[in-house]
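Engineer: File follows, data30.cif with mmCIF, C-alpha atoms:
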data_target
#
loop_
_atom_site.label_atom_id
_atom_site.label_comp_id
_atom_site.auth_asym_id
_atom_site.auth_seq_id
_atom_site.Cartn_x
_atom_site.Cartn_y
_atom_site.Cartn_z
CA MET A 285 -25.95 -253.16 -118.52
CA ARG A 286 -22.73 -251.39 -119.48
CA GLY A 287 -19.89 -251.73 -117.00
CA VAL A 288 -18.61 -248.88 -114.85
CA LEU A 289 -15.25 -247.26 -115.55
CA VAL A 290 -13.50 -246.66 -112.23
CA ILE A 291 -10.30 -244.78 -111.57
CA VAL A 292 -8.43 -245.31 -108.34
CA SER A 293 -5.85 -242.69 -107.41
CA GLY A 294 -4.29 -241.83 -104.12
CA PHE A 295 -1.18 -240.72 -102.33
CA SER A 296 1.96 -242.72 -102.93
CA GLY A 297 1.86 -245.11 -99.96
CA ALA A 298 -1.94 -245.22 -99.74
CA GLY A 299 -1.87 -248.89 -100.71
CA LYS A 300 -3.50 -248.63 -104.16
CA GLY A 301 -1.70 -251.67 -105.58
CA THR A 302 -2.66 -253.92 -102.66
CA VAL A 303 -6.29 -252.78 -102.72
CA MET A 304 -6.61 -253.35 -106.49
CA LYS A 305 -5.00 -256.78 -106.30
CA ARG A 306 -7.31 -257.88 -103.48
CA LEU A 307 -10.39 -256.45 -105.25
CA MET A 308 -9.61 -258.51 -108.36
CA GLU A 309 -9.08 -261.67 -106.28
CA LYS A 310 -12.22 -261.23 -104.22
CA TYR A 311 -14.74 -260.14 -106.86
CA ASP A 312 -14.97 -261.33 -110.44
CA SER A 313 -16.76 -258.43 -112.14
CA TYR A 314 -13.64 -256.34 -112.70
CA SER A 315 -11.14 -256.06 -115.51
CA LEU A 316 -7.86 -254.34 -114.87
CA SER A 317 -6.80 -252.12 -117.73
CA ILE A 318 -3.28 -252.60 -119.07
CA SER A 319 -1.36 -249.41 -119.82
CA ALA A 320 0.82 -248.69 -122.80
CA THR A 321 4.28 -247.29 -122.12
CA THR A 322 7.49 -246.35 -123.89
CA ARG A 323 9.62 -247.36 -120.93
CA LYS A 324 11.80 -250.45 -121.45
CA PRO A 325 10.50 -253.76 -120.05
CA ARG A 326 12.15 -254.81 -116.77
CA ASP A 327 13.28 -258.36 -116.12
CA GLY A 328 10.30 -260.70 -116.03
CA GLU A 329 7.85 -258.19 -117.49
CA GLU A 330 5.82 -259.39 -120.46
CA ASP A 331 4.27 -257.38 -123.28
CA GLY A 332 0.48 -257.41 -122.80
CA ARG A 333 0.70 -258.48 -119.14
CA GLU A 334 2.35 -255.69 -117.13
CA TYR A 335 2.26 -253.20 -120.02
CA PHE A 336 1.93 -252.90 -123.75
CA PHE A 337 5.48 -251.89 -124.60
CA LYS A 338 5.65 -249.35 -127.44
CA THR A 339 8.29 -247.29 -129.21
CA VAL A 340 7.98 -243.51 -128.97
CA GLY A 341 6.87 -243.47 -132.61
CA GLN A 342 4.15 -246.07 -131.99
CA PHE A 343 2.97 -244.26 -128.86
CA GLU A 344 2.77 -240.86 -130.57
CA ASP A 345 0.88 -242.50 -133.39
CA MET A 346 -1.68 -243.78 -130.84
CA ILE A 347 -2.02 -240.27 -129.41
CA GLU A 348 -2.62 -238.81 -132.87
CA LYS A 349 -5.21 -241.42 -133.78
CA GLY A 350 -7.11 -240.82 -130.51
CA GLN A 351 -6.49 -244.39 -129.37
CA LEU A 352 -5.68 -243.43 -125.77
CA ILE A 353 -8.20 -242.42 -123.11
CA GLU A 354 -5.48 -240.51 -121.29
CA TYR A 355 -1.73 -240.29 -121.31
CA ALA A 356 1.05 -238.52 -119.48
CA LYS A 357 4.83 -238.32 -119.50
CA TYR A 358 6.85 -239.23 -116.38
CA VAL A 359 10.61 -239.11 -116.17
CA GLY A 360 10.96 -239.07 -119.93
CA ASN A 361 8.58 -241.96 -120.65
CA TYR A 362 5.02 -241.99 -121.93
CA TYR A 363 2.29 -243.88 -120.07
CA GLY A 364 -1.26 -244.14 -121.35
CA THR A 365 -4.52 -246.12 -121.36
CA PRO A 366 -5.52 -247.75 -124.68
CA LYS A 367 -9.18 -247.04 -125.43
CA GLU A 368 -10.09 -250.20 -127.38
CA TYR A 369 -9.67 -252.72 -124.56
CA VAL A 370 -11.50 -250.51 -122.05
CA GLU A 371 -14.50 -249.91 -124.31
CA LYS A 372 -14.78 -253.58 -125.22
CA GLN A 373 -14.86 -254.63 -121.54
CA LEU A 374 -17.42 -251.94 -120.65
CA ASP A 375 -19.63 -253.00 -123.58
CA GLU A 376 -19.53 -256.56 -122.26
CA GLY A 377 -20.85 -255.28 -118.92
CA ARG A 378 -17.59 -255.67 -117.03
CA ASN A 379 -16.36 -252.92 -114.71
CA VAL A 380 -12.95 -251.63 -115.69
CA ILE A 381 -10.61 -250.33 -113.07
CA LEU A 382 -7.67 -248.05 -113.78
CA GLU A 383 -4.98 -247.06 -111.34
CA ILE A 384 -3.82 -243.70 -112.63
CA GLU A 385 -2.51 -240.44 -111.27
CA LEU A 386 -4.42 -237.27 -110.66
CA GLN A 387 -3.56 -235.62 -113.97
CA GLY A 388 -4.75 -238.59 -116.06
CA ALA A 389 -7.80 -239.14 -113.85
CA LEU A 390 -9.04 -235.60 -114.43
CA GLN A 391 -8.43 -235.94 -118.19
CA VAL A 392 -10.65 -239.03 -118.32
CA LYS A 393 -13.38 -237.46 -116.18
CA GLU A 394 -13.56 -234.52 -118.55
CA LYS A 395 -13.94 -236.75 -121.60
CA LYS A 396 -16.14 -239.34 -119.90
CA PRO A 397 -18.10 -237.73 -117.04
CA GLU A 398 -19.71 -241.07 -116.14
CA THR A 399 -16.30 -242.29 -114.90
CA VAL A 400 -16.17 -242.86 -111.15
CA LEU A 401 -13.13 -241.32 -109.47
CA VAL A 402 -12.08 -242.81 -106.14
CA PHE A 403 -9.32 -241.31 -104.04
CA LEU A 404 -7.60 -243.64 -101.61
CA THR A 405 -5.99 -242.29 -98.48
CA PRO A 406 -4.43 -243.73 -95.34
CA PRO A 407 -6.18 -242.65 -92.12
CA CYS A 408 -3.60 -239.94 -91.32
CA ALA A 409 -0.33 -238.31 -92.37
CA ASP A 410 1.69 -240.25 -89.76
CA GLU A 411 0.43 -243.50 -91.18
CA LEU A 412 1.35 -242.37 -94.70
CA GLU A 413 4.87 -241.57 -93.56
CA ASN A 414 5.13 -244.90 -91.68
CA ARG A 415 4.06 -246.88 -94.72
CA LEU A 416 6.53 -245.12 -97.00
CA ARG A 417 9.39 -245.61 -94.51
CA GLY A 418 8.26 -249.18 -93.78
CA ARG A 419 8.88 -250.20 -97.39
CA GLY A 420 12.58 -249.69 -96.64
CA THR A 421 13.35 -249.31 -100.31
CA GLU A 422 13.69 -245.56 -100.61
CA ASP A 423 16.05 -242.97 -99.17
CA ASP A 424 14.94 -240.11 -96.96
CA GLU A 425 15.00 -237.58 -99.79
CA THR A 426 12.67 -239.65 -102.01
CA ILE A 427 10.27 -240.18 -99.10
CA LYS A 428 10.21 -236.45 -98.35
CA ALA A 429 9.50 -235.73 -102.03
CA ARG A 430 6.60 -238.22 -101.97
CA LEU A 431 5.15 -236.63 -98.83
CA LYS A 432 5.47 -233.16 -100.31
CA ARG A 433 3.68 -234.37 -103.40
CA ALA A 434 0.90 -235.87 -101.25
CA ALA A 435 0.46 -232.47 -99.60
CA GLU A 436 0.12 -230.85 -103.04
CA GLU A 437 -2.23 -233.53 -104.34
CA SER A 438 -4.53 -233.12 -101.35
CA ASP A 439 -5.78 -229.88 -102.95
CA TYR A 440 -7.40 -231.98 -105.66
CA MET A 441 -9.12 -234.64 -103.56
CA LYS A 442 -12.44 -232.82 -103.82
CA LYS A 443 -12.41 -233.30 -107.62
CA TYR A 444 -12.88 -237.00 -106.96
CA ASP A 445 -16.33 -238.52 -106.50
CA TYR A 446 -15.45 -240.63 -103.49
CA ILE A 447 -12.77 -240.62 -100.83
CA LEU A 448 -11.96 -243.97 -99.29
CA ILE A 449 -9.84 -244.53 -96.20
CA ASN A 450 -7.55 -247.53 -96.44
CA ASP A 451 -7.27 -248.50 -92.79
CA ASP A 452 -8.39 -252.12 -92.88
CA LEU A 453 -7.67 -253.81 -96.24
CA GLU A 454 -10.71 -256.14 -96.37
CA LYS A 455 -13.10 -253.38 -95.33
CA CYS A 456 -11.58 -251.00 -97.84
CA VAL A 457 -11.91 -253.52 -100.68
CA ASP A 458 -15.52 -254.31 -99.73
CA ASP A 459 -16.35 -250.61 -99.59
CA LEU A 460 -14.78 -250.03 -102.99
CA ASN A 461 -16.79 -252.89 -104.43
CA GLY A 462 -19.91 -251.47 -102.73
CA ILE A 463 -19.35 -248.06 -104.32
CA ILE A 464 -19.08 -249.57 -107.80
CA ARG A 465 -22.11 -251.85 -107.31
CA SER A 466 -24.16 -248.87 -106.14
CA GLU A 467 -23.07 -246.79 -109.12
CA ARG A 468 -24.70 -249.40 -111.35
CA TRP A 469 -28.09 -248.47 -109.84
CA LYS A 470 -27.76 -244.80 -110.82
CA THR A 471 -30.69 -243.72 -113.00
CA ASP A 472 -28.19 -241.96 -115.31
CA ARG A 473 -26.65 -245.33 -116.13
CA ASN A 474 -29.97 -247.05 -116.80
CA ASP A 475 -31.64 -245.10 -119.59
CA SER A 476 -32.66 -248.21 -121.47
CA MET A 477 -34.07 -249.91 -118.36
CA LEU A 478 -36.11 -246.80 -117.52
CA ALA A 479 -37.43 -246.65 -121.08
CA GLU A 480 -38.42 -250.32 -120.92
CA ILE A 481 -40.30 -249.89 -117.63
CA LYS A 482 -42.12 -246.87 -119.05
CA LYS A 483 -43.07 -248.73 -122.20
CA ASP A 484 -44.14 -251.78 -120.19
CA LEU A 485 -46.44 -249.63 -117.99
CA SER A 486 -47.85 -247.53 -120.83
CA ARG A 487 -50.58 -250.10 -121.50
CA PHE A 488 -52.27 -249.01 -118.25
CA ASN A 489 -52.41 -245.38 -119.37
CA MET B 21 -19.98 -237.72 -90.03
CA ARG B 22 -23.49 -236.41 -90.68
CA GLY B 23 -26.05 -239.04 -91.61
CA VAL B 24 -27.58 -239.36 -95.06
CA LEU B 25 -31.18 -238.38 -95.74
CA VAL B 26 -32.74 -240.99 -98.01
CA ILE B 27 -36.12 -240.94 -99.66
CA VAL B 28 -37.65 -244.14 -100.93
CA SER B 29 -40.51 -243.79 -103.40
CA GLY B 30 -41.93 -246.22 -105.89
CA PHE B 31 -45.05 -247.51 -107.55
CA SER B 32 -47.90 -248.60 -105.33
CA GLY B 33 -47.25 -252.34 -105.12
CA ALA B 34 -43.46 -252.04 -105.45
CA GLY B 35 -43.06 -253.32 -101.89
CA LYS B 36 -41.74 -250.12 -100.25
CA GLY B 37 -43.18 -250.93 -96.84
CA THR B 38 -41.69 -254.43 -96.75
CA VAL B 39 -38.27 -253.23 -97.92
CA MET B 40 -38.15 -250.43 -95.31
CA LYS B 41 -39.21 -252.76 -92.50
CA ARG B 42 -36.56 -255.34 -93.41
CA LEU B 43 -33.88 -252.65 -93.79
CA MET B 44 -34.58 -251.39 -90.26
CA GLU B 45 -34.49 -254.93 -88.84
CA LYS B 46 -31.30 -255.91 -90.62
CA TYR B 47 -29.18 -252.78 -90.19
CA ASP B 48 -29.03 -250.50 -87.21
CA SER B 49 -27.82 -247.22 -88.72
CA TYR B 50 -31.25 -246.05 -89.85
CA SER B 51 -33.95 -243.95 -88.28
CA LEU B 52 -37.38 -243.98 -89.79
CA SER B 53 -38.96 -240.56 -89.88
CA ILE B 54 -42.49 -240.27 -88.47
CA SER B 55 -44.89 -238.15 -90.51
CA ALA B 56 -47.39 -235.63 -89.22
CA THR B 57 -50.96 -235.89 -90.50
CA THR B 58 -54.38 -234.39 -90.01
CA ARG B 59 -56.12 -237.67 -90.75
CA LYS B 60 -57.86 -239.30 -87.80
CA PRO B 61 -56.01 -242.13 -86.00
CA ARG B 62 -57.24 -245.62 -86.92
CA ASP B 63 -57.82 -248.33 -84.33
CA GLY B 64 -54.53 -249.31 -82.72
CA GLU B 65 -52.57 -246.34 -84.06
CA GLU B 66 -50.66 -244.30 -81.53
CA ASP B 67 -49.61 -240.66 -81.64
CA GLY B 68 -45.85 -240.51 -82.18
CA ARG B 69 -45.60 -244.12 -83.39
CA GLU B 70 -47.46 -244.41 -86.70
CA TYR B 71 -47.95 -240.65 -87.06
CA PHE B 72 -47.96 -237.41 -85.16
CA PHE B 73 -51.67 -236.64 -85.24
CA LYS B 74 -52.43 -232.93 -85.66
CA THR B 75 -55.46 -230.71 -86.14
CA VAL B 76 -55.67 -228.73 -89.37
CA GLY B 77 -54.85 -225.58 -87.38
CA GLN B 78 -51.75 -227.16 -85.83
CA PHE B 79 -50.58 -228.51 -89.19
CA GLU B 80 -51.02 -225.17 -90.98
CA ASP B 81 -49.14 -223.52 -88.15
CA MET B 82 -46.22 -225.95 -88.76
CA ILE B 83 -46.29 -225.09 -92.48
CA GLU B 84 -46.19 -221.37 -91.72
CA LYS B 85 -43.31 -221.73 -89.27
CA GLY B 86 -41.28 -223.77 -91.77
CA GLN B 87 -41.28 -226.80 -89.46
CA LEU B 88 -41.94 -229.30 -92.27
CA ILE B 89 -39.40 -230.52 -94.81
CA GLU B 90 -42.22 -231.32 -97.20
CA TYR B 91 -45.96 -231.72 -97.11
CA ALA B 92 -48.80 -232.63 -99.40
CA LYS B 93 -52.57 -233.05 -99.26
CA TYR B 94 -54.17 -236.39 -100.16
CA VAL B 95 -57.91 -237.05 -100.13
CA GLY B 96 -58.54 -233.99 -97.99
CA ASN B 97 -55.82 -234.69 -95.39
CA TYR B 98 -52.41 -233.16 -94.87
CA TYR B 99 -49.31 -235.34 -94.60
CA GLY B 100 -45.86 -233.93 -93.91
CA THR B 101 -42.36 -234.56 -92.53
CA PRO B 102 -41.40 -232.64 -89.36
CA LYS B 103 -37.95 -231.10 -89.76
CA GLU B 104 -36.74 -231.16 -86.16
CA TYR B 105 -36.56 -234.93 -85.69
CA VAL B 106 -34.90 -235.47 -89.07
CA GLU B 107 -32.19 -232.85 -88.49
CA LYS B 108 -31.45 -234.14 -85.00
CA GLN B 109 -30.95 -237.71 -86.25
CA LEU B 110 -28.74 -236.56 -89.16
CA ASP B 111 -26.63 -234.45 -86.78
CA GLU B 112 -26.11 -237.53 -84.63
CA GLY B 113 -24.74 -239.33 -87.70
CA ARG B 114 -27.75 -241.56 -88.22
CA ASN B 115 -29.20 -242.09 -91.70
CA VAL B 116 -32.82 -241.04 -91.92
CA ILE B 117 -35.11 -242.80 -94.30
CA LEU B 118 -38.40 -241.36 -95.52
CA GLU B 119 -41.02 -243.17 -97.51
CA ILE B 120 -42.74 -240.41 -99.44
CA GLU B 121 -44.40 -239.87 -102.77
CA LEU B 122 -42.93 -238.30 -105.85
CA GLN B 123 -44.28 -234.80 -105.24
CA GLY B 124 -42.82 -234.59 -101.72
CA ALA B 125 -39.56 -236.27 -102.76
CA LEU B 126 -38.90 -233.64 -105.42
CA GLN B 127 -39.74 -230.85 -102.92
CA VAL B 128 -37.11 -232.17 -100.51
CA LYS B 129 -34.46 -232.65 -103.22
CA GLU B 130 -34.91 -229.03 -104.28
CA LYS B 131 -34.44 -227.73 -100.75
CA LYS B 132 -31.76 -230.25 -99.78
CA PRO B 133 -29.87 -231.41 -102.89
CA GLU B 134 -27.71 -233.79 -100.79
CA THR B 135 -30.81 -235.96 -100.25
CA VAL B 136 -30.58 -239.37 -101.92
CA LEU B 137 -33.68 -240.30 -103.92
CA VAL B 138 -34.26 -244.01 -104.51
CA PHE B 139 -37.04 -245.27 -106.74
CA LEU B 140 -38.23 -248.80 -106.10
CA THR B 141 -39.81 -250.83 -108.87
CA PRO B 142 -40.90 -254.43 -109.39
CA PRO B 143 -39.10 -256.19 -112.27
CA CYS B 144 -41.99 -255.69 -114.72
CA ALA B 145 -45.54 -254.39 -115.18
CA ASP B 146 -47.06 -257.90 -114.94
CA GLU B 147 -45.44 -258.40 -111.57
CA LEU B 148 -46.76 -255.02 -110.39
CA GLU B 149 -50.29 -255.99 -111.43
CA ASN B 150 -49.92 -259.43 -109.78
CA ARG B 151 -48.79 -257.91 -106.50
CA LEU B 152 -51.65 -255.41 -106.45
CA ARG B 153 -54.23 -258.10 -107.25
CA GLY B 154 -52.57 -260.54 -104.86
CA ARG B 155 -53.28 -258.29 -101.92
CA GLY B 156 -56.95 -259.11 -102.47
CA THR B 157 -58.06 -256.01 -100.60
CA GLU B 158 -58.95 -253.71 -103.47
CA ASP B 159 -61.54 -253.78 -106.23
CA ASP B 160 -60.69 -253.81 -109.91
CA GLU B 161 -61.32 -250.10 -110.34
CA THR B 162 -58.88 -249.12 -107.56
CA ILE B 163 -56.22 -251.45 -108.97
CA LYS B 164 -56.66 -249.97 -112.45
CA ALA B 165 -56.32 -246.47 -110.99
CA ARG B 166 -53.09 -247.50 -109.21
CA LEU B 167 -51.66 -248.96 -112.42
CA LYS B 168 -52.58 -245.84 -114.38
CA ARG B 169 -50.87 -243.74 -111.73
CA ALA B 170 -47.75 -245.94 -111.97
CA ALA B 171 -47.67 -245.33 -115.73
CA GLU B 172 -47.84 -241.57 -115.09
CA GLU B 173 -45.21 -241.68 -112.35
CA SER B 174 -42.78 -243.56 -114.58
CA ASP B 175 -42.12 -240.25 -116.40
CA TYR B 176 -40.40 -239.00 -113.26
CA MET B 177 -38.17 -241.96 -112.42
CA LYS B 178 -35.17 -240.24 -114.02
CA LYS B 179 -35.41 -237.42 -111.46
CA TYR B 180 -34.36 -239.97 -108.85
CA ASP B 181 -30.69 -240.71 -108.14
CA TYR B 182 -31.05 -244.47 -108.08
CA ILE B 183 -33.50 -247.01 -109.41
CA LEU B 184 -33.71 -250.25 -107.50
CA ILE B 185 -35.50 -253.41 -108.66
CA ASN B 186 -37.35 -255.23 -105.91
CA ASP B 187 -37.20 -258.77 -107.19
CA ASP B 188 -35.57 -260.58 -104.27
CA LEU B 189 -36.27 -258.89 -100.91
CA GLU B 190 -32.94 -259.65 -99.17
CA LYS B 191 -30.91 -258.60 -102.20
CA CYS B 192 -32.94 -255.43 -102.59
CA VAL B 193 -32.46 -254.50 -98.92
CA ASP B 194 -28.71 -255.20 -99.11
CA ASP B 195 -28.42 -253.11 -102.26
CA LEU B 196 -30.32 -250.24 -100.65
CA ASN B 197 -28.01 -250.40 -97.65
CA GLY B 198 -25.02 -250.53 -100.03
CA ILE B 199 -26.18 -247.40 -101.85
CA ILE B 200 -26.48 -245.46 -98.60
CA ARG B 201 -23.13 -246.70 -97.23
CA SER B 202 -21.46 -245.68 -100.50
CA GLU B 203 -23.05 -242.24 -100.39
CA ARG B 204 -21.23 -241.66 -97.12
CA TRP B 205 -17.91 -241.86 -98.99
CA LYS B 206 -18.86 -239.06 -101.40
CA THR B 207 -16.28 -236.26 -101.24
CA ASP B 208 -19.18 -233.75 -101.17
CA ARG B 209 -20.27 -235.19 -97.83
CA ASN B 210 -16.80 -235.13 -96.30
CA ASP B 211 -15.67 -231.51 -96.40
CA SER B 212 -14.35 -231.59 -92.87
CA MET B 213 -12.49 -234.88 -93.37
CA LEU B 214 -10.86 -233.52 -96.54
CA ALA B 215 -9.86 -230.34 -94.71
CA GLU B 216 -8.34 -232.39 -91.88
CA ILE B 217 -6.28 -234.55 -94.25
CA LYS B 218 -5.05 -231.43 -96.05
CA LYS B 219 -4.09 -229.79 -92.78
CA ASP B 220 -2.45 -232.97 -91.53
CA LEU B 221 -0.30 -233.21 -94.69
CA SER B 222 0.57 -229.50 -94.88
CA ARG B 223 3.57 -230.02 -92.60
CA PHE B 224 5.32 -231.82 -95.49
CA ASN B 225 4.84 -228.88 -97.83
#
Would you write out, as structure tokens, the structure that this file holds?
Structural biologist:
Amino acid sequence: MRGVLVIVSGFSGAGKGTVMKRLMEKYDSYSLSISATTRKPRDGEEDGREYFFKTVGQFEDMIEKGQLIEYAKYVGNYYGTPKEYVEKQLDEGRNVILEIELQGALQVKEKKPETVLVFLTPPCADELENRLRGRGTEDDETIKARLKRAAEESDYMKKYDYILINDDLEKCVDDLNGIIRSERWKTDRNDSMLAEIKKDLSRFN
Amino acid sequence: MRGVLVIVSGFSGAGKGTVMKRLMEKYDSYSLSISATTRKPRDGEEDGREYFFKTVGQFEDMIEKGQLIEYAKYVGNYYGTPKEYVEKQLDEGRNVILEIELQGALQVKEKKPETVLVFLTPPCADELENRLRGRGTEDDETIKARLKRAAEESDYMKKYDYILINDDLEKCVDDLNGIIRSERWKTDRNDSMLAEIKKDLSRFN
């Protein structure tokens, strides 16, 4: 059976990174997609591990050749998801999980409607604010900008297939895994199995 | 949150009864709906436990008053699902599970598209035949008729939301529970939660 392509988005501060990391540790049926970017590598980052680092020319060439499932520009840099790796993993029956923003998520869903979109949210706005302030790495202005953005993004939550509350990490990770497992039982994803059962039973007709 | 209405159908011999029984034992968030019927009670059957036993007049009155979610006639008797009990359980946040045949399942899905349809199947046709013969309660002709019916029904499997293979009972029951748990995270089922999050965040806008 082909793997499921899953996109996890969510408010900044919803805990996406932590949930994804724990999901990969706890269950072995997932591949994390590696993005391509034109931003410069930071200290300790390796090409092909954190990102595929590209020049603007290389990146725009990938866009033109249709080699990206989605891409977007943030603060002057391109970020995108290379198609080849994702398709190969899905063909091998592995679920591929992408952590991308709203804009990219909706692009992928349009091209590949079988993609499962999951929106991660903390239990309430106070908790979101607490988590952002608790990081202690950002000034008040940045935090306010992130909260304002969350308020704007909340208009689009209903475009996602599932909404998942990240209150208890282990429960959240198990629920996310449960959603993806269940998706694999969808009749839409099992055309060849249905055809086989039909053929197998046809001798009684 | 409102409960999920789930319909389990499947070939005769797929093990629906066993799966439902084990699901109810193992997890406590399910209510089994009790059907109404005009067939006579068998020895040991109690009104309101196995079935609600009705006269033809009473049953037709329920049809006319729209008190049944679905109904069908088999071998001269009416069978149907009373609406009141189902709606009450769903309102209380309990998942309601109905074991009904294809015809009734599609009726319900049309009226209530949020219903989750699960089709249960043994891993292969041989196994289906083995299970039917293994019961040892039916003659060859009846078994052949059941297998022919399964072949006909297989045309409609794709109308179901999920297909579930009953190979290992515990795994099948856990997967069924997983499907229903995951359905509760669908954005479509969480309008009021989405509205609350939006409202909660609006103060940052």
Engineer: For the interface of chain B with chain A (cut-off 8 Å, counting all atoms listed in the file), please tabulate each contacting residue of chain B alongside its nearest pair of atoms and their separation in Å to one decimal, rows sorted by chain and increasing number, as CSV.
Structural biologist:
residue,atom,partner,partner_atom,distance
B:Cys144,CA,A:Ile481,CA,6.7
B:Ala145,CA,A:Leu485,CA,5.6
B:Lys164,CA,A:Phe488,CA,7.3
B:Leu167,CA,A:Phe488,CA,5.9
B:Lys168,CA,A:Phe488,CA,5.0
B:Arg169,CA,A:Asn489,CA,8.0
B:Ala170,CA,A:Leu485,CA,7.2
B:Ala171,CA,A:Leu485,CA,5.0
B:Glu172,CA,A:Asn489,CA,7.3
B:Ser174,CA,A:Lys482,CA,5.6
B:Asp175,CA,A:Lys482,CA,7.1
B:Met177,CA,A:Leu478,CA,7.3
B:Lys178,CA,A:Thr471,CA,5.8
B:Tyr180,CA,A:Thr471,CA,6.7
B:Asp181,CA,A:Lys470,CA,5.7
B:Tyr182,CA,A:Lys470,CA,4.3
B:Ile183,CA,A:Trp469,CA,5.6
B:Leu184,CA,A:Trp469,CA,6.3
B:Asp195,CA,A:Ser466,CA,7.2
B:Gly198,CA,A:Gly462,CA,5.9
B:Ile199,CA,A:Ser466,CA,5.0
B:Arg201,CA,A:Gly462,CA,8.0
B:Ser202,CA,A:Ile463,CA,5.0
B:Glu203,CA,A:Ile463,CA,7.9
B:Trp205,CA,A:Tyr446,CA,5.3
B:Lys206,CA,A:Tyr446,CA,4.3
B:Thr207,CA,A:Tyr446,CA,5.0
B:Asp208,CA,A:Lys442,CA,7.3
B:Leu214,CA,A:Met441,CA,7.3
B:Ile217,CA,A:Cys408,CA,6.7
B:Lys218,CA,A:Ser438,CA,5.6
B:Asp220,CA,A:Ala409,CA,5.8
B:Leu221,CA,A:Ala435,CA,5.0
B:Ser222,CA,A:Ala435,CA,5.6
B:Phe224,CA,A:Lys432,CA,5.0
B:Asn225,CA,A:Lys432,CA,5.0
Engineer: Would you list the contacts of Ser293 in chain A as a VMD selection string, taking every protein, DNA or RNA residue within 6 Å and counting only C-alpha atoms, but skipping same-chain residues closer than 5 positions in sequence?
Structural biologist: chain A and resid 383 to 385 403
Engineer: Would you translate the PyMOL selection byres ((chain A and resi 376) around 12) into the concrete set of residues it matches in this file, as an mmCIF file with C-alpha atoms, in the frame of the given file?
Structural biologist:
data_model
loop_
_atom_site.group_PDB
_atom_site.id
_atom_site.type_symbol
_atom_site.label_atom_id
_atom_site.label_comp_id
_atom_site.auth_asym_id
_atom_site.auth_seq_id
_atom_site.Cartn_x
_atom_site.Cartn_y
_atom_site.Cartn_z
ATOM 1 C CA MET A 285 -25.950 -253.160 -118.520
ATOM 2 C CA ARG A 286 -22.730 -251.390 -119.480
ATOM 3 C CA GLY A 287 -19.890 -251.730 -117.000
ATOM 4 C CA VAL A 288 -18.610 -248.880 -114.850
ATOM 5 C CA SER A 313 -16.760 -258.430 -112.140
ATOM 6 C CA TYR A 314 -13.640 -256.340 -112.700
ATOM 7 C CA SER A 315 -11.140 -256.060 -115.510
ATOM 8 C CA TYR A 369 -9.670 -252.720 -124.560
ATOM 9 C CA VAL A 370 -11.500 -250.510 -122.050
ATOM 10 C CA GLU A 371 -14.500 -249.910 -124.310
ATOM 11 C CA LYS A 372 -14.780 -253.580 -125.220
ATOM 12 C CA GLN A 373 -14.860 -254.630 -121.540
ATOM 13 C CA LEU A 374 -17.420 -251.940 -120.650
ATOM 14 C CA ASP A 375 -19.630 -253.000 -123.580
ATOM 15 C CA GLY A 377 -20.850 -255.280 -118.920
ATOM 16 C CA ARG A 378 -17.590 -255.670 -117.030
ATOM 17 C CA ASN A 379 -16.360 -252.920 -114.710
ATOM 18 C CA VAL A 380 -12.950 -251.630 -115.690
#
Engineer: For the file shown, report as a CSV table (one decimal) with C-alpha atoms, in the frame of the given file the outcome of the PyMOL selection byres ((chain A and resi 357) around 12) at residue level.
Structural biologist:
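Writing the result to part-v1.csv gives the following:
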chain,number,residue,atom,x,y,z
A,320,ALA,CA,0.8,-248.7,-122.8
A,321,THR,CA,4.3,-247.3,-122.1
A,322,THR,CA,7.5,-246.4,-123.9
A,323,ARG,CA,9.6,-247.4,-120.9
A,340,VAL,CA,8.0,-243.5,-129.0
A,343,PHE,CA,3.0,-244.3,-128.9
A,344,GLU,CA,2.8,-240.9,-130.6
A,354,GLU,CA,-5.5,-240.5,-121.3
A,355,TYR,CA,-1.7,-240.3,-121.3
A,356,ALA,CA,1.0,-238.5,-119.5
A,358,TYR,CA,6.8,-239.2,-116.4
A,359,VAL,CA,10.6,-239.1,-116.2
A,360,GLY,CA,11.0,-239.1,-119.9
A,361,ASN,CA,8.6,-242.0,-120.6
A,362,TYR,CA,5.0,-242.0,-121.9
A,363,TYR,CA,2.3,-243.9,-120.1
A,364,GLY,CA,-1.3,-244.1,-121.4
A,385,GLU,CA,-2.5,-240.4,-111.3
A,387,GLN,CA,-3.6,-235.6,-114.0
A,388,GLY,CA,-4.8,-238.6,-116.1
Engineer: Work out how far CA of Thr38 in chain B is from CA of Arg69 in chain B, in Å to one decimal.
Structural biologist: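 For CA of Arg69 in chain B relative to CA of Thr38 in chain B, the distance reads 17.3 Å.
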Engineer: For the structure shown, which residues end up in the PyMOL selection byres ((chain B and resi 39) around 12)? Put them as a PyMOL selection string, please?
Structural biologist: chain B and resi 28-30+33-38+40-47+117+119+139-142+184-197
Engineer: Just the number, please: distance in Å from CA of Asp345 in chain A to CA of Arg326 in chain A, one decimal.
Structural biologist: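 If I compute the distance from CA of Asp345 in chain A to CA of Arg326 in chain A, I get 23.6 Å.
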Engineer: Suppose you want the space between CA of Pro397 in chain A and CA of Val290 in chain A; what is it in Å?
Structural biologist: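 Distance between the two atoms: 11.1 Å.
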Engineer: Please identify all polymer residues lying at most 12 Å from the point (-3.7, -260.0, -122.2) (file coordinates), using all atoms listed in the file, and present the result as a list in words.
Structural biologist: Ser315, Leu316, Ser317, Ile318, Ser319, Glu330, Asp331, Gly332, Arg333, Glu334, Tyr335, Phe336 and Tyr369 of chain A
